[in-house]
file query-v8.txt (compact mmCIF, C-alpha atoms)
# COMPACT_ATOMS: atom_id res chain seq x y z
CA MET A 1 25.75 -22.56 -27.04
CA ARG A 2 25.28 -26.29 -27.53
CA GLY A 3 25.35 -28.95 -24.85
CA PHE A 4 28.30 -30.84 -23.42
CA ARG A 5 30.26 -32.94 -25.91
CA SER A 6 32.58 -35.83 -25.13
CA ASP A 7 33.78 -36.29 -28.72
CA ALA A 8 35.28 -32.77 -29.06
CA GLN A 9 39.03 -32.56 -29.45
CA TYR A 10 40.56 -29.92 -27.16
CA CYS A 11 39.49 -27.03 -24.90
CA SER A 12 40.40 -23.75 -26.60
CA PHE A 13 41.32 -22.22 -23.22
CA CYS A 14 43.41 -24.78 -21.35
CA GLY A 15 44.26 -27.01 -24.34
CA LYS A 16 43.32 -30.24 -22.55
CA PRO A 17 41.34 -32.97 -24.33
CA ALA A 18 37.89 -34.17 -23.37
CA ASP A 19 37.73 -37.26 -21.13
CA GLU A 20 35.49 -38.80 -18.49
CA ASN A 21 36.27 -35.96 -16.05
CA ARG A 22 36.31 -33.10 -18.54
CA ASN A 23 33.34 -32.20 -20.70
CA LEU A 24 33.47 -29.56 -23.43
CA VAL A 25 30.91 -26.94 -24.47
CA ALA A 26 30.92 -26.31 -28.22
CA ALA A 27 30.42 -22.90 -29.84
CA PRO A 28 27.80 -22.67 -32.62
CA GLY A 29 30.42 -23.31 -35.34
CA ASN A 30 31.85 -26.43 -33.62
CA ASN A 31 35.33 -24.93 -34.00
CA ILE A 32 35.76 -23.47 -30.51
CA PHE A 33 35.32 -25.37 -27.24
CA ILE A 34 35.55 -24.63 -23.52
CA CYS A 35 35.69 -27.25 -20.80
CA ASP A 36 33.58 -27.26 -17.65
CA LYS A 37 36.68 -26.63 -15.52
CA CYS A 38 37.47 -23.39 -17.39
CA VAL A 39 33.82 -22.34 -17.12
CA ALA A 40 34.06 -22.68 -13.33
CA VAL A 41 37.28 -20.62 -13.24
CA CYS A 42 35.72 -17.87 -15.38
CA GLN A 43 32.67 -17.79 -13.14
CA SER A 44 34.79 -17.37 -10.00
CA ILE A 45 36.78 -14.54 -11.60
CA LEU A 46 33.59 -12.68 -12.54
CA GLU A 47 32.14 -13.10 -9.04
CA GLN A 48 35.36 -11.89 -7.46
CA LYS A 49 35.43 -8.81 -9.68
CA GLU A 50 31.80 -8.01 -8.85
CA HIS A 51 32.07 -8.37 -5.09
CA ASN A 52 35.63 -7.13 -4.49
CA LEU A 53 35.94 -3.76 -6.13
CA ASP A 54 39.44 -2.33 -6.23
CA PRO A 55 40.02 0.73 -4.03
CA ILE A 56 39.79 4.07 -5.80
CA GLU A 57 43.16 5.26 -7.03
CA MET A 58 43.80 8.98 -6.65
CA GLY A 59 44.87 9.12 -10.28
CA GLU A 60 41.27 8.26 -11.23
CA VAL A 61 39.76 11.17 -9.28
CA PRO A 62 39.88 14.59 -11.01
CA SER A 63 41.49 17.49 -9.18
CA PRO A 64 39.27 20.25 -7.72
CA LYS A 65 40.16 22.51 -10.68
CA GLU A 66 39.11 19.76 -13.12
CA PHE A 67 35.84 19.31 -11.21
CA LYS A 68 35.20 23.07 -11.37
CA ALA A 69 35.99 23.22 -15.11
CA TYR A 70 33.57 20.34 -15.74
CA LEU A 71 30.82 21.99 -13.68
CA ASP A 72 31.33 25.23 -15.62
CA GLN A 73 30.29 23.40 -18.81
CA TYR A 74 26.86 22.55 -17.41
CA VAL A 75 26.12 24.97 -14.55
CA VAL A 76 26.01 28.74 -15.03
CA GLY A 77 27.16 31.01 -12.20
CA GLN A 78 27.41 29.84 -8.56
CA ASP A 79 31.22 29.93 -8.75
CA TYR A 80 31.71 29.85 -4.98
CA ALA A 81 29.37 26.85 -4.57
CA LYS A 82 31.14 25.03 -7.40
CA LYS A 83 34.52 25.63 -5.79
CA VAL A 84 33.34 24.38 -2.38
CA LEU A 85 31.70 21.29 -3.86
CA SER A 86 34.75 20.47 -5.99
CA VAL A 87 37.06 20.56 -2.97
CA SER A 88 34.58 18.59 -0.83
CA VAL A 89 34.12 15.80 -3.36
CA TYR A 90 37.86 15.57 -4.03
CA ASN A 91 38.61 15.30 -0.30
CA HIS A 92 35.85 12.72 0.11
CA TYR A 93 37.26 10.39 -2.54
CA LYS A 94 40.80 11.09 -1.32
CA ARG A 95 39.90 9.59 2.06
CA MET A 96 38.45 6.55 0.27
CA SER A 97 41.54 5.94 -1.85
CA ASN A 98 44.23 3.41 -1.05
CA THR A 99 46.77 6.20 -0.64
CA ARG A 100 48.24 6.38 2.85
CA VAL A 101 50.58 9.02 4.23
CA GLU A 102 53.64 7.55 5.92
CA GLY A 103 53.43 7.90 9.70
CA ALA A 104 49.66 8.69 9.65
CA GLU A 105 48.31 5.14 9.68
CA ASP A 106 46.23 5.82 12.80
CA VAL A 107 44.71 9.05 11.46
CA LYS A 108 41.13 8.65 10.32
CA ILE A 109 39.84 11.33 7.95
CA GLU A 110 36.19 12.09 8.65
CA LYS A 111 33.57 12.41 5.93
CA SER A 112 32.65 15.95 4.83
CA ASN A 113 28.97 16.02 3.90
CA VAL A 114 27.62 19.21 2.33
CA LEU A 115 24.58 21.41 3.02
CA LEU A 116 23.42 23.57 0.08
CA ILE A 117 21.25 26.58 0.87
CA GLY A 118 19.59 28.34 -2.05
CA PRO A 119 16.26 29.34 -3.61
CA THR A 120 14.34 27.03 -5.93
CA GLY A 121 15.81 26.78 -9.41
CA SER A 122 19.27 27.99 -8.36
CA GLY A 123 21.04 24.76 -9.37
CA LYS A 124 21.35 22.68 -6.19
CA THR A 125 20.20 19.41 -7.78
CA LEU A 126 22.06 20.08 -11.03
CA LEU A 127 25.35 20.63 -9.18
CA ALA A 128 25.09 17.32 -7.34
CA LYS A 129 23.95 15.41 -10.43
CA THR A 130 26.75 16.84 -12.60
CA LEU A 131 29.37 15.90 -10.00
CA ALA A 132 28.15 12.29 -9.95
CA GLN A 133 28.19 12.28 -13.76
CA LYS A 134 31.82 13.37 -13.77
CA LEU A 135 32.85 10.73 -11.22
CA LYS A 136 30.80 7.99 -12.90
CA VAL A 137 29.51 6.81 -9.54
CA PRO A 138 25.91 5.87 -8.62
CA PHE A 139 23.77 8.90 -7.81
CA ALA A 140 20.32 9.07 -6.21
CA ILE A 141 17.95 11.95 -5.47
CA ALA A 142 15.50 11.76 -2.57
CA ASP A 143 12.84 14.16 -1.34
CA ALA A 144 12.88 14.67 2.42
CA THR A 145 9.19 15.63 2.47
CA THR A 146 8.13 12.05 1.64
CA LEU A 147 10.11 10.52 4.52
CA THR A 148 8.67 9.60 7.92
CA GLU A 149 10.10 8.03 11.04
CA ALA A 150 10.22 4.21 10.95
CA GLY A 151 6.94 2.54 11.88
CA TYR A 152 4.65 5.26 10.50
CA VAL A 153 2.86 5.72 7.19
CA GLY A 154 5.26 6.99 4.54
CA GLU A 155 8.74 6.10 3.34
CA ASP A 156 11.41 4.93 5.77
CA VAL A 157 14.75 6.74 5.65
CA GLU A 158 16.41 3.47 4.49
CA ASN A 159 14.46 3.72 1.22
CA VAL A 160 16.85 6.54 0.26
CA LEU A 161 19.62 3.92 0.24
CA LEU A 162 17.50 1.59 -1.90
CA LYS A 163 17.34 4.30 -4.59
CA LEU A 164 21.14 4.41 -4.62
CA ILE A 165 21.37 0.60 -4.86
CA ASN A 166 18.92 0.63 -7.78
CA ALA A 167 20.99 3.36 -9.46
CA ALA A 168 23.98 1.02 -9.14
CA ASP A 169 22.00 -1.81 -10.83
CA GLY A 170 21.95 -3.76 -7.60
CA ASN A 171 25.72 -3.63 -7.05
CA VAL A 172 25.96 -2.86 -3.33
CA GLN A 173 29.74 -2.35 -3.44
CA ALA A 174 29.37 0.32 -6.12
CA ALA A 175 26.52 1.97 -4.20
CA GLU A 176 28.71 2.18 -1.10
CA ARG A 177 30.88 4.79 -2.81
CA GLY A 178 28.04 6.76 -4.42
CA ILE A 179 26.43 10.15 -3.81
CA ILE A 180 22.97 10.82 -2.35
CA PHE A 181 21.26 14.18 -2.74
CA ILE A 182 18.41 14.81 -0.29
CA ASP A 183 16.34 17.80 -1.38
CA GLU A 184 13.84 19.89 0.61
CA ILE A 185 15.73 19.18 3.85
CA ASP A 186 14.42 22.47 5.24
CA LYS A 187 10.84 21.14 5.07
CA ILE A 188 11.52 18.67 7.90
CA GLY A 189 12.58 21.33 10.39
CA ARG A 190 10.90 21.11 13.75
CA LYS A 191 8.42 23.81 14.55
CA SER A 192 10.26 25.22 17.59
CA GLU A 193 13.65 25.05 19.25
CA ASN A 194 12.22 23.19 22.24
CA THR A 195 12.45 19.41 22.27
CA SER A 196 9.16 17.93 21.14
CA ILE A 197 7.22 16.00 23.79
CA THR A 198 4.93 14.52 21.13
CA ARG A 199 5.84 12.52 18.03
CA ASP A 200 7.01 14.67 15.12
CA VAL A 201 7.22 11.72 12.72
CA SER A 202 7.75 13.71 9.51
CA GLY A 203 10.04 16.43 10.89
CA GLU A 204 12.31 15.98 13.88
CA GLY A 205 11.77 12.21 13.76
CA VAL A 206 13.15 12.04 10.21
CA GLN A 207 16.16 14.12 11.21
CA GLN A 208 16.89 11.66 14.03
CA ALA A 209 16.57 8.73 11.63
CA LEU A 210 18.94 10.37 9.13
CA LEU A 211 21.73 10.79 11.68
CA LYS A 212 23.18 7.29 11.56
CA ILE A 213 23.09 6.71 7.81
CA ILE A 214 24.68 10.11 7.13
CA GLU A 215 27.47 9.58 9.65
CA GLY A 216 28.14 5.99 8.56
CA THR A 217 26.52 2.73 9.60
CA LYS A 218 25.60 -0.71 8.30
CA ALA A 219 21.97 -0.33 7.32
CA SER A 220 19.43 -3.01 6.44
CA VAL A 221 17.34 -2.11 3.39
CA PRO A 222 14.18 -3.98 2.24
CA PRO A 223 14.90 -5.12 -1.34
CA GLN A 224 11.45 -4.05 -2.56
CA GLY A 225 11.23 -0.91 -0.45
CA GLY A 226 8.28 -0.14 1.79
CA ARG A 227 7.91 -1.38 5.35
CA LYS A 228 10.23 -3.82 7.07
CA HIS A 229 8.75 -7.19 8.06
CA PRO A 230 10.03 -9.95 10.32
CA ASN A 231 11.94 -12.75 8.54
CA GLN A 232 12.29 -10.54 5.46
CA GLU A 233 15.57 -10.76 3.56
CA MET A 234 17.45 -7.48 3.79
CA ILE A 235 20.21 -5.86 1.75
CA GLU A 236 23.13 -4.85 3.96
CA ILE A 237 24.88 -1.64 2.94
CA ASP A 238 27.66 0.33 4.64
CA THR A 239 27.07 4.09 4.37
CA THR A 240 30.53 5.12 5.66
CA ASN A 241 31.81 6.11 2.22
CA ILE A 242 28.55 7.47 0.78
CA LEU A 243 28.70 11.25 0.29
CA PHE A 244 25.50 13.01 1.37
CA ILE A 245 24.58 16.38 -0.10
CA LEU A 246 21.56 18.02 1.54
CA GLY A 247 19.76 20.91 -0.09
CA GLY A 248 16.94 23.28 0.73
CA ALA A 249 15.59 26.77 0.11
CA PHE A 250 15.55 27.69 3.83
CA VAL A 251 13.10 30.54 3.33
CA GLY A 252 13.45 32.99 6.22
CA LEU A 253 16.93 31.89 7.30
CA ASP A 254 18.38 35.23 6.16
CA LYS A 255 16.06 37.03 8.57
CA ILE A 256 17.27 34.84 11.45
CA ILE A 257 20.89 35.67 10.59
CA GLU A 258 20.03 39.35 10.16
CA GLN A 259 18.50 39.50 13.63
CA ARG A 260 21.72 38.07 15.05
CA THR A 261 24.22 40.18 13.08
CA ALA A 262 22.49 43.48 12.34
CA GLU A 263 22.69 46.42 14.66
CA ARG A 264 19.42 46.69 16.46
CA ALA A 265 18.43 49.85 14.62
CA MET A 266 15.08 50.92 15.95
CA GLY A 267 12.56 53.40 14.59
CA PHE A 268 12.18 54.69 11.04
CA GLY A 269 15.86 54.25 10.16
CA SER A 270 15.69 50.44 10.17
CA ASN A 271 16.05 48.79 6.77
CA ILE A 272 15.28 45.21 7.83
CA GLY A 273 13.56 43.33 5.03
CA GLN A 274 15.07 45.58 2.32
CA LEU A 275 18.23 43.60 1.61
CA SER A 276 19.76 43.44 -1.83
CA GLU A 277 20.67 40.07 -3.33
CA GLU A 278 24.39 40.65 -2.58
CA GLU A 279 23.62 41.53 1.06
CA ARG A 280 21.40 38.49 1.37
CA MET A 281 24.20 36.26 0.02
CA GLU A 282 26.67 37.75 2.51
CA LEU A 283 24.22 37.01 5.31
CA LEU A 284 23.68 33.39 4.27
CA ASN A 285 27.44 32.83 4.05
CA GLN A 286 27.65 33.93 7.70
CA CYS A 287 25.26 31.15 8.70
CA THR A 288 26.20 29.42 11.96
CA PRO A 289 24.92 26.17 13.51
CA ASP A 290 22.87 28.24 15.96
CA ASP A 291 21.03 29.90 13.07
CA LEU A 292 20.15 26.48 11.62
CA VAL A 293 18.97 25.29 15.04
CA LYS A 294 16.67 28.30 15.27
CA PHE A 295 15.37 27.47 11.80
CA GLY A 296 14.44 23.95 12.93
CA LEU A 297 17.34 21.55 12.28
CA ILE A 298 18.56 19.49 15.23
CA PRO A 299 22.16 20.11 16.38
CA GLU A 300 23.18 16.48 15.79
CA LEU A 301 22.26 16.68 12.10
CA ILE A 302 24.02 20.03 11.67
CA GLY A 303 27.17 18.52 13.18
CA ARG A 304 27.21 15.87 10.47
CA MET A 305 27.09 18.54 7.74
CA PRO A 306 30.38 20.39 8.33
CA ILE A 307 30.30 22.24 4.99
CA THR A 308 27.56 24.81 4.39
CA VAL A 309 27.40 26.81 1.16
CA SER A 310 24.75 29.24 -0.06
CA LEU A 311 23.66 29.69 -3.67
CA LYS A 312 22.56 33.07 -4.97
CA GLU A 313 19.30 33.74 -6.70
CA LEU A 314 19.83 33.76 -10.45
CA THR A 315 19.72 37.12 -12.24
CA ARG A 316 18.31 37.86 -15.68
CA GLU A 317 21.81 37.57 -17.21
CA ASP A 318 22.33 34.21 -15.47
CA LEU A 319 19.05 32.90 -16.86
CA LYS A 320 19.94 34.08 -20.38
CA ARG A 321 23.27 32.28 -20.17
CA ILE A 322 21.50 29.13 -18.95
CA LEU A 323 19.27 29.30 -22.03
CA THR A 324 22.20 29.37 -24.45
CA GLU A 325 25.65 28.54 -23.00
CA PRO A 326 25.74 25.08 -21.33
CA LYS A 327 26.41 21.98 -23.41
CA ASN A 328 22.82 20.88 -22.92
CA ALA A 329 21.28 24.38 -22.97
CA ILE A 330 17.51 24.52 -23.38
CA THR A 331 17.60 26.41 -26.68
CA LYS A 332 20.14 23.93 -28.07
CA GLN A 333 17.85 21.06 -27.13
CA PHE A 334 14.87 22.56 -28.96
CA GLN A 335 16.99 23.49 -31.97
CA ALA A 336 18.22 19.89 -32.24
CA SER A 337 14.69 18.56 -31.83
CA PHE A 338 13.23 20.81 -34.54
CA ALA A 339 16.16 20.13 -36.87
CA ILE A 340 14.90 16.55 -37.15
CA ASP A 341 11.73 18.01 -38.68
CA ASP A 342 13.76 20.27 -41.03
CA LEU A 343 13.07 23.43 -39.04
CA ASP A 344 15.88 25.92 -38.37
CA LEU A 345 14.99 27.53 -35.00
CA GLN A 346 16.65 30.73 -33.78
CA PHE A 347 16.05 33.07 -30.82
CA THR A 348 16.62 36.84 -30.79
CA ASP A 349 18.32 38.48 -27.82
CA ASP A 350 15.07 40.30 -26.94
CA ALA A 351 13.23 36.97 -26.89
CA LEU A 352 15.76 35.51 -24.45
CA ASP A 353 15.34 38.60 -22.24
CA GLU A 354 11.57 38.14 -22.22
CA ILE A 355 11.83 34.41 -21.36
CA ALA A 356 14.23 35.21 -18.49
CA ASP A 357 11.93 37.98 -17.21
CA THR A 358 8.98 35.57 -17.26
CA ALA A 359 10.92 33.07 -15.14
CA ILE A 360 11.81 35.82 -12.66
CA LYS A 361 8.17 36.92 -12.39
CA GLN A 362 7.07 33.33 -11.81
CA LYS A 363 9.88 32.90 -9.21
CA THR A 364 10.74 29.50 -10.65
CA GLY A 365 14.41 30.15 -11.41
CA ALA A 366 16.20 28.02 -13.98
CA ARG A 367 13.78 25.16 -13.36
CA GLY A 368 10.95 27.12 -14.96
CA LEU A 369 12.78 28.04 -18.17
CA ARG A 370 12.04 24.78 -19.95
CA ALA A 371 8.35 24.96 -19.09
CA ILE A 372 8.15 28.48 -20.51
CA VAL A 373 9.84 27.53 -23.80
CA GLU A 374 7.83 24.30 -24.02
CA LYS A 375 4.54 26.19 -23.68
CA LEU A 376 5.74 28.82 -26.14
CA LEU A 377 6.53 26.27 -28.87
CA LEU A 378 3.71 23.79 -28.18
CA ASP A 379 1.59 24.71 -31.22
CA LEU A 380 4.69 24.66 -33.39
CA MET A 381 5.66 21.17 -32.19
CA TYR A 382 2.13 20.04 -33.01
CA GLU A 383 2.03 21.42 -36.56
CA VAL A 384 5.61 21.22 -37.89
CA PRO A 385 5.94 17.40 -38.30
CA SER A 386 3.02 17.47 -40.76
CA ILE A 387 4.62 20.13 -42.99
CA LYS A 388 7.19 18.76 -45.45
CA GLY A 389 10.14 20.79 -46.69
CA LYS A 390 12.72 23.03 -45.08
CA LYS A 391 11.37 25.57 -42.61
CA GLN A 392 12.79 28.46 -40.61
CA LEU A 393 11.60 30.40 -37.54
CA THR A 394 13.20 33.19 -35.52
CA VAL A 395 11.53 33.56 -32.11
CA THR A 396 11.15 37.25 -31.25
CA LYS A 397 10.03 39.15 -28.17
CA GLU A 398 6.57 39.62 -29.72
CA ILE A 399 6.18 35.87 -30.19
CA VAL A 400 7.12 35.24 -26.54
CA GLN A 401 4.59 37.86 -25.44
CA LYS A 402 1.98 36.13 -27.66
CA LYS A 403 1.46 39.36 -29.61
CA VAL A 404 2.42 37.49 -32.79
CA ILE A 405 1.38 33.90 -33.49
CA PRO A 406 3.62 32.33 -36.17
CA ASP A 407 1.77 30.73 -39.11
CA VAL A 408 3.40 27.40 -39.90
CA GLN A 409 2.81 27.74 -43.65
CA THR A 410 4.82 30.98 -43.73
CA LEU A 411 7.82 29.16 -42.20
CA LEU A 412 8.47 27.23 -45.38
CA ILE A 413 11.60 28.31 -47.25
CA ASP A 414 11.20 28.80 -51.00
CA GLN A 415 13.05 25.81 -52.44
CA LYS A 416 14.43 27.93 -55.33
CA THR A 417 16.05 30.43 -53.01
CA ALA A 418 16.94 28.00 -50.23

call {"tool": "encode", "arguments": {"input": "query-v8.txt", "output": "structure tokens"}}
result
Amino acid sequence: MRGFRSDAQYCSFCGKPADENRNLVAAPGNNIFICDKCVAVCQSILEQKEHNLDPIEMGEVPSPKEFKAYLDQYVVGQDYAKKVLSVSVYNHYKRMSNTRVEGAEDVKIEKSNVLLIGPTGSGKTLLAKTLAQKLKVPFAIADATTLTEAGYVGEDVENVLLKLINAADGNVQAAERGIIFIDEIDKIGRKSENTSITRDVSGEGVQQALLKIIEGTKASVPPQGGRKHPNQEMIEIDTTNILFILGGAFVGLDKIIEQRTAERAMGFGSNIGQLSEEERMELLNQCTPDDLVKFGLIPELIGRMPITVSLKELTREDLKRILTEPKNAITKQFQASFAIDDLDLQFTDDALDEIADTAIKQKTGARGLRAIVEKLLLDLMYEVPSIKGKKQLTVTKEIVQKKVIPDVQTLLIDQKTA
């Protein structure tokens, strides 16, 4: 852009000529002009659009079935959890929409936050992240173990909101309709059911601090994070329409439920501690607020999480499907990566079984699959870029077990027969 010109002819927007009260800005080619008055109007329109977001129309929010179908493309198994989450998110954005039922103007629909219970690597974080991806709303992940009560060393609870604001590129209005996933919520359980007479600044204290922002309040967030200081400028954010999804492994919760529900079989006939995965899932789905209180969550926090859903531990078949079926499956990612270096990578069914079995032995769930494949193909990723020509490798069970180490030179395809 060039500077203001008084000798230009007409503004290309309003069509008015330049005069003493109207200066024109010329485009690089001197053929297009805009006056300072039109610049001011454009600026006001942009500011209004940024700070006054239109309410969400229900036509923009997918139905629960559409949510479930989208989750099926990226998340394997956990059908019940996907159904519960799909309904919860749909209802959440329905209450935020500008749709009003005639005769129900005074009815206020409460927010339905979600508590996910499941072992590590079962897909809790992936479910929440995929939902946010579908909705195209800001999404932030926080770890409850790093949080402490305000005034103590560690992160304040408000820093969780700062992550959401940063995910929205600083747009507070967009952040106010986003989703926050707080993982490891079970790690901040208090050590006993009795009210603590001393400060539990990283457990019960954090739960108390989370209450208000989860229910809905106007919070003040330090723009740079960290501690709050007097006279510091704060970012004001309303958490009323922010959906909170809390997740945790809750190791031992099934035993608490079992003690409540099981017949008190005494003697050698008792089978406590020998539950199958299906029985364990049935137990977790019978979880009540009292069970969570015994585990260490405070009743006030449980009351703000009306929806509780348990995720099952992934089986060998589930892990195999995760390796191959989703749109961004791990094997597909490595195949695409090696294709850039002219290597055709394939996996046998036995190899996939062995990778899944390794993840089960390590008790890392789906989260550990990538690390296993990464370690398996490390030497290959190191050598292949230096070898020119088309190459091919089929990963077998023996290669996964390290009984066979593939020689990179033997991967080359004979150019005459290729």

call {"tool": "closest_residue", "arguments": {"input": "query-v8.txt", "among": "A:Glu20, A:Glu383, A:Glu258, A:Glu215", "to": "Asp341 in chain A", "atoms": "only C-alpha atoms"}}
result
A:Glu383

call {"tool": "closest_residue", "arguments": {"input": "query-v8.txt", "among": "A:Asn91, A:Thr145, A:Thr315, A:Thr125", "to": "Arg367 in chain A", "atoms": "only C-alpha atoms"}}
result
A:Thr125

call {"tool": "closest_residue", "arguments": {"input": "query-v8.txt", "among": "A:Asp318, A:Gly205, A:Lys16, A:Asp36", "to": "Thr148 in chain A", "atoms": "all atoms listed in the file"}}
result
A:Gly205

call {"tool": "residues_around", "arguments": {"input": "query-v8.txt", "residues": "Glu158 in chain A", "least_positions_apart": "4", "cutoff": "8 Å", "atoms": "only C-alpha atoms", "output": "list of chain:residue names"}}
result
A:Leu162, A:Ala219, A:Ser220, A:Val221

call {"tool": "closest_residue", "arguments": {"input": "query-v8.txt", "among": "A:Asn328, A:Ser12, A:Gln207, A:Gln173", "to": "Ala26 in chain A", "atoms": "all atoms listed in the file"}}
result
A:Ser12

call {"tool": "closest_residue", "arguments": {"input": "query-v8.txt", "among": "A:Ile180, A:Ala168, A:Leu211, A:Val309", "to": "Tyr80 in chain A", "atoms": "all atoms listed in the file"}}
result
A:Val309

call {"tool": "atom_distance", "arguments": {"input": "query-v8.txt", "atom1": "CA of Ala142 in chain A", "atom2": "CA of Lys108 in chain A"}}
result
28.9 Å

call {"tool": "closest_residue", "arguments": {"input": "query-v8.txt", "among": "A:Leu311, A:Leu253, A:Ile322, A:Ile188", "to": "Lys294 in chain A", "atoms": "only C-alpha atoms"}}
result
A:Leu253

call {"tool": "residues_near_point", "arguments": {"input": "query-v8.txt", "point": "(18.6, 32.6, -19.9)", "cutoff": "8 Å", "atoms": "only C-alpha atoms", "output": "list in words"}}
result
Arg316, Glu317, Asp318, Leu319, Lys320, Arg321, Ile322, Leu323, Thr324, Leu352, Asp353, Ile355, Ala356, Ala366 and Leu369 of chain A

call {"tool": "build_atoms", "arguments": {"input": "query-v8.txt", "residues": "range 289-303 of chain A", "atoms": "N, CA, C and O atoms", "output": "PDB file, in the frame of the given file"}}
result
ATOM      1  N   PRO A 289      25.800  27.248  13.046  1.00  0.00           N
ATOM      2  CA  PRO A 289      24.920  26.170  13.510  1.00  0.00           C
ATOM      3  C   PRO A 289      23.748  26.661  14.343  1.00  0.00           C
ATOM      4  O   PRO A 289      22.639  26.116  14.257  1.00  0.00           O
ATOM      5  N   ASP A 290      23.969  27.720  15.142  1.00  0.00           N
ATOM      6  CA  ASP A 290      22.870  28.240  15.960  1.00  0.00           C
ATOM      7  C   ASP A 290      21.726  28.768  15.099  1.00  0.00           C
ATOM      8  O   ASP A 290      20.550  28.637  15.462  1.00  0.00           O
ATOM      9  N   ASP A 291      22.073  29.397  13.974  1.00  0.00           N
ATOM     10  CA  ASP A 291      21.030  29.900  13.070  1.00  0.00           C
ATOM     11  C   ASP A 291      20.194  28.744  12.520  1.00  0.00           C
ATOM     12  O   ASP A 291      18.969  28.838  12.416  1.00  0.00           O
ATOM     13  N   LEU A 292      20.862  27.642  12.147  1.00  0.00           N
ATOM     14  CA  LEU A 292      20.150  26.480  11.620  1.00  0.00           C
ATOM     15  C   LEU A 292      19.300  25.815  12.686  1.00  0.00           C
ATOM     16  O   LEU A 292      18.221  25.287  12.398  1.00  0.00           O
ATOM     17  N   VAL A 293      19.767  25.843  13.938  1.00  0.00           N
ATOM     18  CA  VAL A 293      18.970  25.290  15.040  1.00  0.00           C
ATOM     19  C   VAL A 293      17.707  26.120  15.222  1.00  0.00           C
ATOM     20  O   VAL A 293      16.607  25.579  15.413  1.00  0.00           O
ATOM     21  N   LYS A 294      17.850  27.450  15.142  1.00  0.00           N
ATOM     22  CA  LYS A 294      16.670  28.300  15.270  1.00  0.00           C
ATOM     23  C   LYS A 294      15.701  28.083  14.122  1.00  0.00           C
ATOM     24  O   LYS A 294      14.484  28.211  14.291  1.00  0.00           O
ATOM     25  N   PHE A 295      16.244  27.735  12.949  1.00  0.00           N
ATOM     26  CA  PHE A 295      15.370  27.470  11.800  1.00  0.00           C
ATOM     27  C   PHE A 295      14.585  26.177  11.993  1.00  0.00           C
ATOM     28  O   PHE A 295      13.452  26.056  11.516  1.00  0.00           O
ATOM     29  N   GLY A 296      15.188  25.190  12.690  1.00  0.00           N
ATOM     30  CA  GLY A 296      14.440  23.950  12.930  1.00  0.00           C
ATOM     31  C   GLY A 296      15.224  22.672  12.748  1.00  0.00           C
ATOM     32  O   GLY A 296      14.673  21.578  12.911  1.00  0.00           O
ATOM     33  N   LEU A 297      16.527  22.759  12.383  1.00  0.00           N
ATOM     34  CA  LEU A 297      17.340  21.550  12.280  1.00  0.00           C
ATOM     35  C   LEU A 297      17.898  21.196  13.652  1.00  0.00           C
ATOM     36  O   LEU A 297      18.222  22.079  14.443  1.00  0.00           O
ATOM     37  N   ILE A 298      18.038  19.900  13.924  1.00  0.00           N
ATOM     38  CA  ILE A 298      18.560  19.490  15.230  1.00  0.00           C
ATOM     39  C   ILE A 298      20.086  19.588  15.217  1.00  0.00           C
ATOM     40  O   ILE A 298      20.722  19.401  14.177  1.00  0.00           O
ATOM     41  N   PRO A 299      20.702  19.906  16.347  1.00  0.00           N
ATOM     42  CA  PRO A 299      22.160  20.110  16.380  1.00  0.00           C
ATOM     43  C   PRO A 299      22.945  18.898  15.900  1.00  0.00           C
ATOM     44  O   PRO A 299      23.997  19.044  15.270  1.00  0.00           O
ATOM     45  N   GLU A 300      22.452  17.686  16.190  1.00  0.00           N
ATOM     46  CA  GLU A 300      23.180  16.480  15.790  1.00  0.00           C
ATOM     47  C   GLU A 300      23.294  16.371  14.277  1.00  0.00           C
ATOM     48  O   GLU A 300      24.330  15.961  13.742  1.00  0.00           O
ATOM     49  N   LEU A 301      22.234  16.747  13.557  1.00  0.00           N
ATOM     50  CA  LEU A 301      22.260  16.680  12.100  1.00  0.00           C
ATOM     51  C   LEU A 301      23.190  17.765  11.533  1.00  0.00           C
ATOM     52  O   LEU A 301      23.950  17.501  10.595  1.00  0.00           O
ATOM     53  N   ILE A 302      23.151  18.942  12.125  1.00  0.00           N
ATOM     54  CA  ILE A 302      24.020  20.030  11.670  1.00  0.00           C
ATOM     55  C   ILE A 302      25.486  19.639  11.836  1.00  0.00           C
ATOM     56  O   ILE A 302      26.333  19.926  10.990  1.00  0.00           O
ATOM     57  N   GLY A 303      25.798  18.945  12.932  1.00  0.00           N
ATOM     58  CA  GLY A 303      27.170  18.520  13.180  1.00  0.00           C
ATOM     59  C   GLY A 303      27.693  17.544  12.161  1.00  0.00           C
ATOM     60  O   GLY A 303      28.910  17.425  11.967  1.00  0.00           O
TER      61      GLY A 303
END
